[in-house]
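Engineer: Below is one structure. I have some questions about it.
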Amino acid sequence: MREVEVVGVRVEVPTSQPIVLLRESEGERFLPIWIGAAEATAIAFAQQGVVPPRPLTHDLLRDVIEATGNELKEVRITDIREGVFFATLHFESGVEVSARPSDSIALALRLGAPIMCGEALLDQAAVLVPDAVEAAEVQDDEVERFREFLDQVSPDDFEAGTEPS
């Protein structure tokens with residue numbers, strides 16, 4: 001398993017399908033996962049530190065996890081089958097819960113849990129962006145290059161389908 005970081009949520013042109021973009025913490029590969037609009041909002045809110053006046057679903061789940069004292073150890077994005085990504089929530093107690101990657105990422109961001117990705121999945125579905133791991137000041141240029149890549153690619157260009165994960 002390799003740790004990945006959430007680069008952000010983007011919208012694929014021309015379909016307006018949201019994508020969460022993950023990047024290897026120590027590597028050059030990016031993993032785009034097509035997601036639903038509600039999950040894209042939940043991830044973006046978590047990244048921006050937006051606190052809604054009343055808990056949204058992912059906030060509620062975070063509160064339940066914290067109230068039970070069963071710490072979320074990590075999120076694992078494990079597989080892609082027929083265009084659908086799969087993930088698992090791993091808790092300190094040893095309990096594992098199957099979940100969609102988008103929900104898992106939204107929850108991990110709220111709880112500060114690491115997001116891990118299987119090496120085989122990265123080999124299968126990640127995109128290599130040369131020289132992506134450089135000094136922080138060039139990161140915006142790299143993200144812009146990836147956005148340009150996304151503008152020219154469609155979900156059909158990957159083995160993955162377009163179903164939200």
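Order determines the names: the first chain of the structure tokens is A, the second B, and so forth; residues in each chain are numbered 1 upward, and ligands are numbered 1 upward as they are shown.
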According to DSSP computed on the backbone, where in segment 9-71 of chain A is there helix (DSSP H, G or I)? Give the residues as a PyMOL selection string.

Structural biologist: chain A and resi 37-48+57-68

Engineer: Would you list the contacts of segment 19-25 of chain A as a list of chain:residue names, taking every protein, DNA or RNA residue within 9 Å and counting only C-alpha atoms, but skipping same-chain residues closer than 5 positions in sequence?

Structural biologist: A:Arg2, A:Glu3, A:Val4, A:Glu5, A:Val6, A:Val7, A:Gly8, A:Val9, A:Arg10, A:Val11, A:Glu12, A:Phe30, A:Leu31, A:Pro32, A:Ile33, A:Trp34, A:Ile35, A:Gly36, A:Ala40, A:Ile43, A:Ser102, A:Cys117, A:Leu122, A:Ala126, A:Val133, A:Pro164

Engineer: Choose the residue, out of A:Leu72, A:Ile77, A:Val13, A:Ala106, that has the smallest atom-to-atom separation from Phe91 of chain A; count only C-alpha atoms.

Structural biologist: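 Answer, going by the shortest atom-to-atom distance: A:Leu72.
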
Engineer: Residues within 9 Å of Ala113 of chain A, please, as a list of chain:residue names. Count only C-alpha atoms; anything in the same chain fewer than 4 positions from it doesn't count.

Structural biologist: A:Glu71, A:Leu72, A:Lys73, A:Glu74, A:Val75, A:Leu107, A:Ala108, A:Leu109

Engineer: With distances taken over only C-alpha atoms, which of A:Ala42, A:Ala67, A:Val50, A:Met116 is nearest to Met1 of chain A?

Structural biologist: A:Met116

Engineer: With a distance cut-off of 8 Å and only C-alpha atoms, select the neighbouring residues of Asn70 of chain A, excluding the residue or stretch itself and same-chain residues fewer than 3 positions from it, and output the selection as a PyMOL selection string.

Structural biologist: chain A and resi 65-66+91-93

Engineer: Given only C-alpha atoms as the basis, pick out the residue of A:Val95, A:Val129, A:Leu111, A:Val64 nearest to Gly49 of chain A.

Structural biologist: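 For Gly49 of chain A, the nearest of the given residues is A:Leu111.
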
Engineer: Skipping near chain neighbours, those fewer than 5 positions away, what residues fall within 9 Å of Ala120 of chain A using only C-alpha atoms, listed as an MDAnalysis selection string?

Structural biologist: chainID A and resid 1 78:79 125

Engineer: With only C-alpha atoms as the counted atoms, please give the residues lying no more than 9 Å from Phe86 of chain A, apart from itself and same-chain residues fewer than 4 positions off, as a ChimeraX atom specification.

Structural biologist: /A:76-81,98-101,165

Engineer: Please, could you write that set of residues out with C-alpha atoms as a PDB file, in the first residue's frame?

Structural biologist:
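After the write, part_17.pdb holds the following:
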ATOM      1  CA  ARG A  76      -7.577   1.903   1.766  1.00  0.00           C
ATOM      2  CA  ILE A  77      -8.526   2.258  -1.878  1.00  0.00           C
ATOM      3  CA  THR A  78      -8.150  -1.324  -2.930  1.00  0.00           C
ATOM      4  CA  ASP A  79      -9.532  -2.219  -6.309  1.00  0.00           C
ATOM      5  CA  ILE A  80     -11.316  -1.274  -9.502  1.00  0.00           C
ATOM      6  CA  ARG A  81     -13.780  -3.702 -11.069  1.00  0.00           C
ATOM      7  CA  SER A  98     -16.422  -1.663   2.809  1.00  0.00           C
ATOM      8  CA  ALA A  99     -17.125   1.819   1.422  1.00  0.00           C
ATOM      9  CA  ARG A 100     -17.016   3.912  -1.715  1.00  0.00           C
ATOM     10  CA  PRO A 101     -13.687   5.727  -2.158  1.00  0.00           C
ATOM     11  CA  SER A 165     -17.369   5.618  -7.026  1.00  0.00           C
TER      12      SER A 165
END

Engineer: Would you mind reading off the distance between atom CA of Gln48 of chain A and atom CA of Thr15 of chain A, one decimal, in Å?

Structural biologist: 24.7 Å

Engineer: Restricting the calculation to only C-alpha atoms: of A:Ala46, A:Leu89, A:Leu128, A:Val84, which residue gets closest to Pro114 of chain A?

Structural biologist: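 Looking only at the distances to Pro114 of chain A, the closest residue turns out to be A:Leu89.
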